[in-house]
Amino acid sequence: MRTQRILLAVVVSIVVSSAMLAVVSCARERKNYVVHLDPREDGGVADSVELWHRSFLPEAAGDDGPRIIYSYSHVLSGFAARLTDDEAEAMRKKEGCIRLYPEEFLPLATTHSPGFLGLHLGNDGFWSRSGFGRGVVIGLLDTGILPSHPSFGDAGMPPPPKKWKGTCEFKAISGGGCNNKIIGARAFGSAAVNATAPPVDDAGHGTHTASTAAGNFVENADVRGNAHGTASGMAPHAHLAIYKVCTRSRCSIMDIIAGLDAAVKDGVDVLSFSIGASPGAPFNYDLVAIATFKAMEHGIFVSSAAGNDGPVAATVGNGAPWMLTVAAGTMDRAIRTTVTLGNGQVFDGESLYQPRNNTAGRQLPLVFPGLNGDSDSRDCSMLIEEEVSGKVVLCESRSIVEHVEQGQTVSAYGGAGMILMNKPVEGYTTFADAHVLPASHVSYAAGSKILSYIKSTPKPTASVTFKGTVMGSSPAPSVAFFSSRGPNKASPGVLKPDITGPGMNILAAWAPGEMHTEFADGVSLSFFMESGTSMSTPHLSGIAAIIKSLHPTWSPAAIKSAIMTSSDVADHAGVPIKDEQYRSASFYTMGAGYVNPSRAVDPGLVYDLHTNDYIAYLCGLGIGDDGVKEITHRRVSCAKLKAITEAELNYPSLVVKLLSQPITVHRIVTNVGKANSVYTAVVDMPKNVAVTVHPPLLRFSRAYEKQSFTVTVRWAGQPAVAGVEGNLKWVSDEHVVRSPIVIPPAKAVV
């Protein structure tokens, strides 16, 4: 018995000791943090800033190795470091430490579009007059770039501007490197996976977004003969600065802030940010919002992805008002496939895989594995070979990144073809994916009718035929289902997203041999189609570069205003732009509208904003003096300032939280058109809302003259519980300057 007790005591001691060792090990394990500090009063030079940052660290043991990963100096007061739990807790208590952010990873938000947007070659067009963005530097935070791609040749490009301070890390790259197109390239942290050439794209995403923003002209671009034409970015003669902060699957917040810090230091003019963000965090807890505020102060225009979490309300990210938040829409080009059922019904769909030798017109057995109600069978995750072999298989869509995998599963089980049907929330949004077998992606409405046919007959059949590139499809544009929706949780009183741009089935440069670029025959591609707000964002970055080239003194807010107030709310058929369900798209879905570059370069009037305006707005958010200081890096006393409400921010759109009493807001516009101009206020609102604009007429006698006015909104009838939308337009002989007016639902989702 005594021996057993001794053995038991030994076992207990070992278990306890192991547990204690595990706790000690966890406590000593280092994790990555971004450390946000109070700014130094003296600013400090680079060397002294790093020494100051090191003063916050504990004394290192001999085997600790380097602790500081980055010292930030331009967009954030602070640094990134490796710390144990105990060290992190001790640092939180140090004077001057505002907050520690554990490392988090943000997702990537993943030819015809210039023409669709009205950008045409010709000596008399505004595109040519802008020099195609000549002299403007676009910085892209993404997965890097393939420098040898023809889209990044520098034919017709000027040298880098004299202000440029960036560096190029390309080394020993066969057939490419930095030139007058790519004038800077750097990689950060875990994204620097290749020691000899860290900024090289290993995912394709960065190459795609870079060429969308500023790819040079490349003739005869296509994907296996589809979408053939001359490919170019929005600003084909703008310079590119590449900041590789993402790997194939994720982007570290530490690397993102380091990339933003470098971009500001280097002297970029436009930042393109096709990276998602978690919605809802207050701006003083949002490192991207904090960093881009400093970029705005340096005169840098920031174009950012709204996110791919739609169509759910209040999912929009990157929603700070000093950023342009971009939603994703469609164009009028389809890579057409046609499904013909045995009963003669015909449905159009899409697929990038368009085999030349196929069984077009040949009816094959049609099967839906999900008839038994099993979810794994509905989306073809689990199949039985004898049930699908030699047949066309109807599958319900999974996530937008798994469509090709669904086809691979069908093919592996012997399926002859696939019809991919949307789920109800996905509506009419269809993708031209690089499938591995004959396939057609159809809308939910079409899929429902196909399913009804299967249920109605004992031997259903179908064929899939391939029509190639079809121009003029309608309705166009519309908003894609995945595009994240407003309101913005962090500031619901400012309309977000701001604008919609092309983000569906976008053809752009790709890195050959990378994922999803080989079809069943193994042919590698140098151009590829992708969809997402990742794709719409660089469209707006390039358009901002064109505006910046034509109007170099305009502020980021003025450029944003020009883009928003000139946008379209009607599609190419002249009817309201639709969402994924083909209902009229709300402003919380599309922002102010769909971008129209030809009008954005000459908007007539702009709503301008500067740092002090944003500070008054931040005070009005109720985050306190400390919260405002965390964002602005300056000491602020909100009690001594005139804080303003969200509605009072001089934004190009108005969100009015209207209850029983009328609400009056002020706005200031700047004349950027002809010196002698007269604008008349025109209000388009439902009858139960009364809007009074005072004065109703604005007369300008000189360029850049400012005029102020007020907008009073009140209920003129029964209040609308579901909310109301309309527009305020300032109309002259040459311009229509339109601002959305939104009265949110009584119980808005925030």
# chains A, B, ... in the order shown; residues from 1 in each chain; ligands from 1
call {"tool": "select_by_dssp", "arguments": {"residues": "segment 313-424 of chain A", "states": "alpha helix (DSSP H)", "output": "list of chain:residue names"}}
result
A:Ser375, A:Asp376, A:Ser377, A:Arg378, A:Glu385, A:Glu386, A:Glu387, A:Val388, A:His403, A:Val404, A:Glu405, A:Gln406, A:Gly407, A:Gln408, A:Thr409, A:Val410, A:Ser411, A:Ala412
call {"tool": "residues_around", "arguments": {"residues": "Thr430 of chain A", "least_positions_apart": "5", "cutoff": "10 Å", "atoms": "only C-alpha atoms", "output": "list in words"}}
result
Thr330, Ala334, Gly349, Glu350, Ser351, Ile400, Leu420, Met421, Asn422, Ser440, His441, Val442, Ser443, Tyr444, Ala480, Phe481, Met504, Asn505 and Glu580 of chain A
call {"tool": "residues_around", "arguments": {"residues": "Leu437 of chain A", "least_positions_apart": "3", "cutoff": "9 Å", "atoms": "only C-alpha atoms", "output": "PyMOL selection string"}}
result
chain A and resi 353+355+407-408+410-411+415-418+520
call {"tool": "write_last_selection", "arguments": {"atoms": "N, CA and C atoms", "output": "CSV table (one decimal), in the first residue's frame"}}
result
chain,number,residue,atom,x,y,z
A,353,TYR,N,-14.1,28.1,-69.1
A,353,TYR,CA,-13.7,26.9,-69.8
A,353,TYR,C,-14.7,26.7,-71.0
A,355,PRO,N,-14.6,24.6,-74.1
A,355,PRO,CA,-13.9,23.6,-75.0
A,355,PRO,C,-14.3,23.7,-76.4
A,407,GLY,N,-16.5,21.4,-59.5
A,407,GLY,CA,-16.4,20.7,-60.8
A,407,GLY,C,-15.3,19.6,-60.8
A,408,GLN,N,-14.2,19.8,-60.0
A,408,GLN,CA,-13.2,18.8,-59.9
A,408,GLN,C,-13.8,17.5,-59.3
A,410,VAL,N,-17.0,16.6,-59.3
A,410,VAL,CA,-17.9,16.0,-60.3
A,410,VAL,C,-17.1,15.2,-61.4
A,411,SER,N,-16.0,15.8,-61.9
A,411,SER,CA,-15.2,15.1,-62.9
A,411,SER,C,-14.5,13.9,-62.3
A,415,GLY,N,-18.5,12.5,-63.8
A,415,GLY,CA,-19.5,13.3,-64.4
A,415,GLY,C,-19.1,13.9,-65.7
A,416,ALA,N,-20.0,14.0,-66.7
A,416,ALA,CA,-19.7,14.5,-68.0
A,416,ALA,C,-19.8,16.0,-68.1
A,417,GLY,N,-20.5,16.6,-67.2
A,417,GLY,CA,-20.7,18.1,-67.1
A,417,GLY,C,-21.3,18.5,-65.8
A,418,MET,N,-21.3,19.8,-65.6
A,418,MET,CA,-21.9,20.4,-64.3
A,418,MET,C,-22.7,21.6,-64.6
A,520,ALA,N,-7.6,21.9,-67.8
A,520,ALA,CA,-7.4,20.5,-67.8
A,520,ALA,C,-6.3,20.0,-68.7
call {"tool": "closest_residue", "arguments": {"among": "A:Pro475, A:Gly503, A:Pro597, A:Pro492", "to": "Ser584 of chain A", "atoms": "only C-alpha atoms"}}
result
A:Pro475
call {"tool": "residues_around", "arguments": {"residues": "Ser77 of chain A", "least_positions_apart": "4", "cutoff": "8 Å", "atoms": "only C-alpha atoms", "output": "MDAnalysis selection string"}}
result
chainID A and resid 36:39 72:73 633
call {"tool": "residues_around", "arguments": {"residues": "Met471 of chain A", "least_positions_apart": "5", "cutoff": "9 Å", "atoms": "only C-alpha atoms", "output": "ChimeraX atom specification"}}
result
/A:332-335
call {"tool": "atom_distance", "arguments": {"atom1": "atom CA of Ser389 of chain A", "atom2": "atom CA of Leu341 of chain A"}}
result
18.5 Å
call {"tool": "residues_around", "arguments": {"residues": "Arg738 of chain A", "least_positions_apart": "3", "cutoff": "7 Å", "atoms": "only C-alpha atoms", "output": "ChimeraX atom specification"}}
result
/A:565-566,727-730
call {"tool": "write_last_selection", "arguments": {"atoms": "N, CA and C atoms", "output": "compact mmCIF listing (two decimals), in the first residue's frame"}}
result
# COMPACT_ATOMS: atom_id res chain seq x y z
N THR A 565 -19.88 62.24 -56.74
CA THR A 565 -20.98 63.09 -57.22
C THR A 565 -21.22 62.99 -58.72
N SER A 566 -20.29 62.37 -59.44
CA SER A 566 -20.45 62.21 -60.89
C SER A 566 -20.88 60.80 -61.27
N ASN A 727 -32.06 62.09 -53.72
CA ASN A 727 -30.86 62.79 -54.17
C ASN A 727 -31.04 64.30 -54.10
N LEU A 728 -29.93 64.97 -53.81
CA LEU A 728 -29.82 66.41 -53.99
C LEU A 728 -28.87 66.65 -55.16
N LYS A 729 -29.33 67.41 -56.14
CA LYS A 729 -28.51 67.70 -57.31
C LYS A 729 -28.31 69.21 -57.44
N TRP A 730 -27.07 69.59 -57.67
CA TRP A 730 -26.76 70.96 -58.07
C TRP A 730 -26.55 70.95 -59.57
call {"tool": "closest_atom_pairs", "arguments": {"of": "segment 222-296 of chain A", "to": "segment 602-624 of chain A", "cutoff": "10 Å", "atoms": "only C-alpha atoms", "output": "CSV"}}
result
residue,atom,partner,partner_atom,distance
A:Pro282,CA,A:Ile623,CA,8.3
A:Phe283,CA,A:Leu618,CA,8.9
A:Asn284,CA,A:Ile623,CA,7.9
A:Phe293,CA,A:Thr611,CA,8.7
A:Lys294,CA,A:Thr611,CA,9.5
A:Met296,CA,A:Thr611,CA,8.2
call {"tool": "write_last_selection", "arguments": {"atoms": "all heavy atoms", "output": "PDB file, in the first residue's frame"}}
result
ATOM      1  N   PRO A 282     -14.215  50.449 -33.557  1.00  0.00           N
ATOM      2  CA  PRO A 282     -14.062  51.911 -33.529  1.00  0.00           C
ATOM      3  C   PRO A 282     -12.751  52.312 -34.202  1.00  0.00           C
ATOM      4  O   PRO A 282     -11.764  51.579 -34.138  1.00  0.00           O
ATOM      5  CB  PRO A 282     -14.055  52.234 -32.031  1.00  0.00           C
ATOM      6  CG  PRO A 282     -14.749  51.082 -31.380  1.00  0.00           C
ATOM      7  CD  PRO A 282     -14.408  49.883 -32.206  1.00  0.00           C
ATOM      8  N   PHE A 283     -12.733  53.462 -34.820  1.00  0.00           N
ATOM      9  CA  PHE A 283     -11.564  53.842 -35.610  1.00  0.00           C
ATOM     10  C   PHE A 283     -10.288  53.913 -34.766  1.00  0.00           C
ATOM     11  O   PHE A 283      -9.196  53.645 -35.271  1.00  0.00           O
ATOM     12  CB  PHE A 283     -11.811  55.178 -36.300  1.00  0.00           C
ATOM     13  CG  PHE A 283     -12.921  55.143 -37.313  1.00  0.00           C
ATOM     14  CD1 PHE A 283     -13.816  56.194 -37.429  1.00  0.00           C
ATOM     15  CD2 PHE A 283     -13.085  54.041 -38.149  1.00  0.00           C
ATOM     16  CE1 PHE A 283     -14.845  56.169 -38.358  1.00  0.00           C
ATOM     17  CE2 PHE A 283     -14.118  53.996 -39.079  1.00  0.00           C
ATOM     18  CZ  PHE A 283     -14.998  55.063 -39.177  1.00  0.00           C
ATOM     19  N   ASN A 284     -10.386  54.265 -33.493  1.00  0.00           N
ATOM     20  CA  ASN A 284      -9.180  54.331 -32.666  1.00  0.00           C
ATOM     21  C   ASN A 284      -8.698  52.954 -32.237  1.00  0.00           C
ATOM     22  O   ASN A 284      -7.652  52.840 -31.593  1.00  0.00           O
ATOM     23  CB  ASN A 284      -9.408  55.224 -31.444  1.00  0.00           C
ATOM     24  CG  ASN A 284     -10.567  54.791 -30.582  1.00  0.00           C
ATOM     25  OD1 ASN A 284     -11.654  54.493 -31.086  1.00  0.00           O
ATOM     26  ND2 ASN A 284     -10.370  54.767 -29.277  1.00  0.00           N
ATOM     27  N   PHE A 293      -5.201  57.474 -41.941  1.00  0.00           N
ATOM     28  CA  PHE A 293      -5.419  58.879 -41.579  1.00  0.00           C
ATOM     29  C   PHE A 293      -4.140  59.675 -41.815  1.00  0.00           C
ATOM     30  O   PHE A 293      -4.170  60.780 -42.372  1.00  0.00           O
ATOM     31  CB  PHE A 293      -5.859  59.000 -40.117  1.00  0.00           C
ATOM     32  CG  PHE A 293      -6.218  60.401 -39.697  1.00  0.00           C
ATOM     33  CD1 PHE A 293      -7.518  60.856 -39.806  1.00  0.00           C
ATOM     34  CD2 PHE A 293      -5.249  61.274 -39.195  1.00  0.00           C
ATOM     35  CE1 PHE A 293      -7.863  62.157 -39.438  1.00  0.00           C
ATOM     36  CE2 PHE A 293      -5.576  62.568 -38.823  1.00  0.00           C
ATOM     37  CZ  PHE A 293      -6.880  63.009 -38.940  1.00  0.00           C
ATOM     38  N   LYS A 294      -3.018  59.108 -41.409  1.00  0.00           N
ATOM     39  CA  LYS A 294      -1.742  59.804 -41.633  1.00  0.00           C
ATOM     40  C   LYS A 294      -1.426  59.871 -43.120  1.00  0.00           C
ATOM     41  O   LYS A 294      -0.860  60.867 -43.598  1.00  0.00           O
ATOM     42  CB  LYS A 294      -0.619  59.097 -40.878  1.00  0.00           C
ATOM     43  CG  LYS A 294      -0.786  59.070 -39.376  1.00  0.00           C
ATOM     44  CD  LYS A 294      -0.947  60.468 -38.794  1.00  0.00           C
ATOM     45  CE  LYS A 294       0.297  61.309 -38.883  1.00  0.00           C
ATOM     46  NZ  LYS A 294       0.139  62.627 -38.215  1.00  0.00           N
ATOM     47  N   MET A 296      -3.636  60.176 -45.471  1.00  0.00           N
ATOM     48  CA  MET A 296      -4.475  61.280 -45.945  1.00  0.00           C
ATOM     49  C   MET A 296      -3.834  62.622 -45.629  1.00  0.00           C
ATOM     50  O   MET A 296      -3.825  63.540 -46.453  1.00  0.00           O
ATOM     51  CB  MET A 296      -5.865  61.167 -45.304  1.00  0.00           C
ATOM     52  CG  MET A 296      -6.819  62.318 -45.580  1.00  0.00           C
ATOM     53  SD  MET A 296      -6.627  63.747 -44.447  1.00  0.00           S
ATOM     54  CE  MET A 296      -6.941  62.991 -42.854  1.00  0.00           C
TER      55      MET A 296
END
call {"tool": "closest_residue", "arguments": {"among": "A:Ala263, A:Ala570, A:Val223, A:Met331", "to": "Ser473 of chain A", "atoms": "only C-alpha atoms"}}
result
A:Met331
call {"tool": "residues_around", "arguments": {"residues": "Val388 of chain A", "least_positions_apart": "4", "cutoff": "9 Å", "atoms": "only C-alpha atoms", "output": "number ranges by chain"}}
result
A: 365-369, 383-384, 392-393, 410, 413-416
call {"tool": "write_last_selection", "arguments": {"atoms": "C-alpha atoms", "output": "compact mmCIF listing (two decimals), in the first residue's frame"}}
result
# COMPACT_ATOMS: atom_id res chain seq x y z
CA PRO A 365 -28.83 12.32 -68.48
CA LEU A 366 -29.30 15.09 -65.90
CA VAL A 367 -29.14 14.38 -62.17
CA PHE A 368 -29.38 16.36 -58.93
CA PRO A 369 -27.69 14.42 -56.09
CA LEU A 383 -21.13 11.86 -54.72
CA ILE A 384 -21.68 8.25 -55.69
CA VAL A 392 -24.68 16.27 -66.34
CA VAL A 393 -24.76 17.01 -62.60
CA VAL A 410 -17.91 15.96 -60.32
CA TYR A 413 -16.62 10.77 -60.08
CA GLY A 414 -17.08 10.49 -63.83
CA GLY A 415 -19.54 13.32 -64.39
CA ALA A 416 -19.74 14.51 -68.01
call {"tool": "closest_residue", "arguments": {"among": "A:Ala241, A:Ala187, A:Ala221, A:Val346", "to": "Phe528 of chain A", "atoms": "only C-alpha atoms"}}
result
A:Ala221
call {"tool": "closest_residue", "arguments": {"among": "A:Val575, A:Ile506, A:Ala558, A:Val595", "to": "Tyr704 of chain A", "atoms": "only C-alpha atoms"}}
result
A:Ala558
call {"tool": "closest_residue", "arguments": {"among": "A:Lys391, A:Lys687, A:Lys674, A:His239", "to": "Gly726 of chain A", "atoms": "only C-alpha atoms"}}
result
A:Lys687
call {"tool": "atom_distance", "arguments": {"atom1": "atom CA of Ala231 of chain A", "atom2": "atom CA of Phe217 of chain A"}}
result
5.7 Å
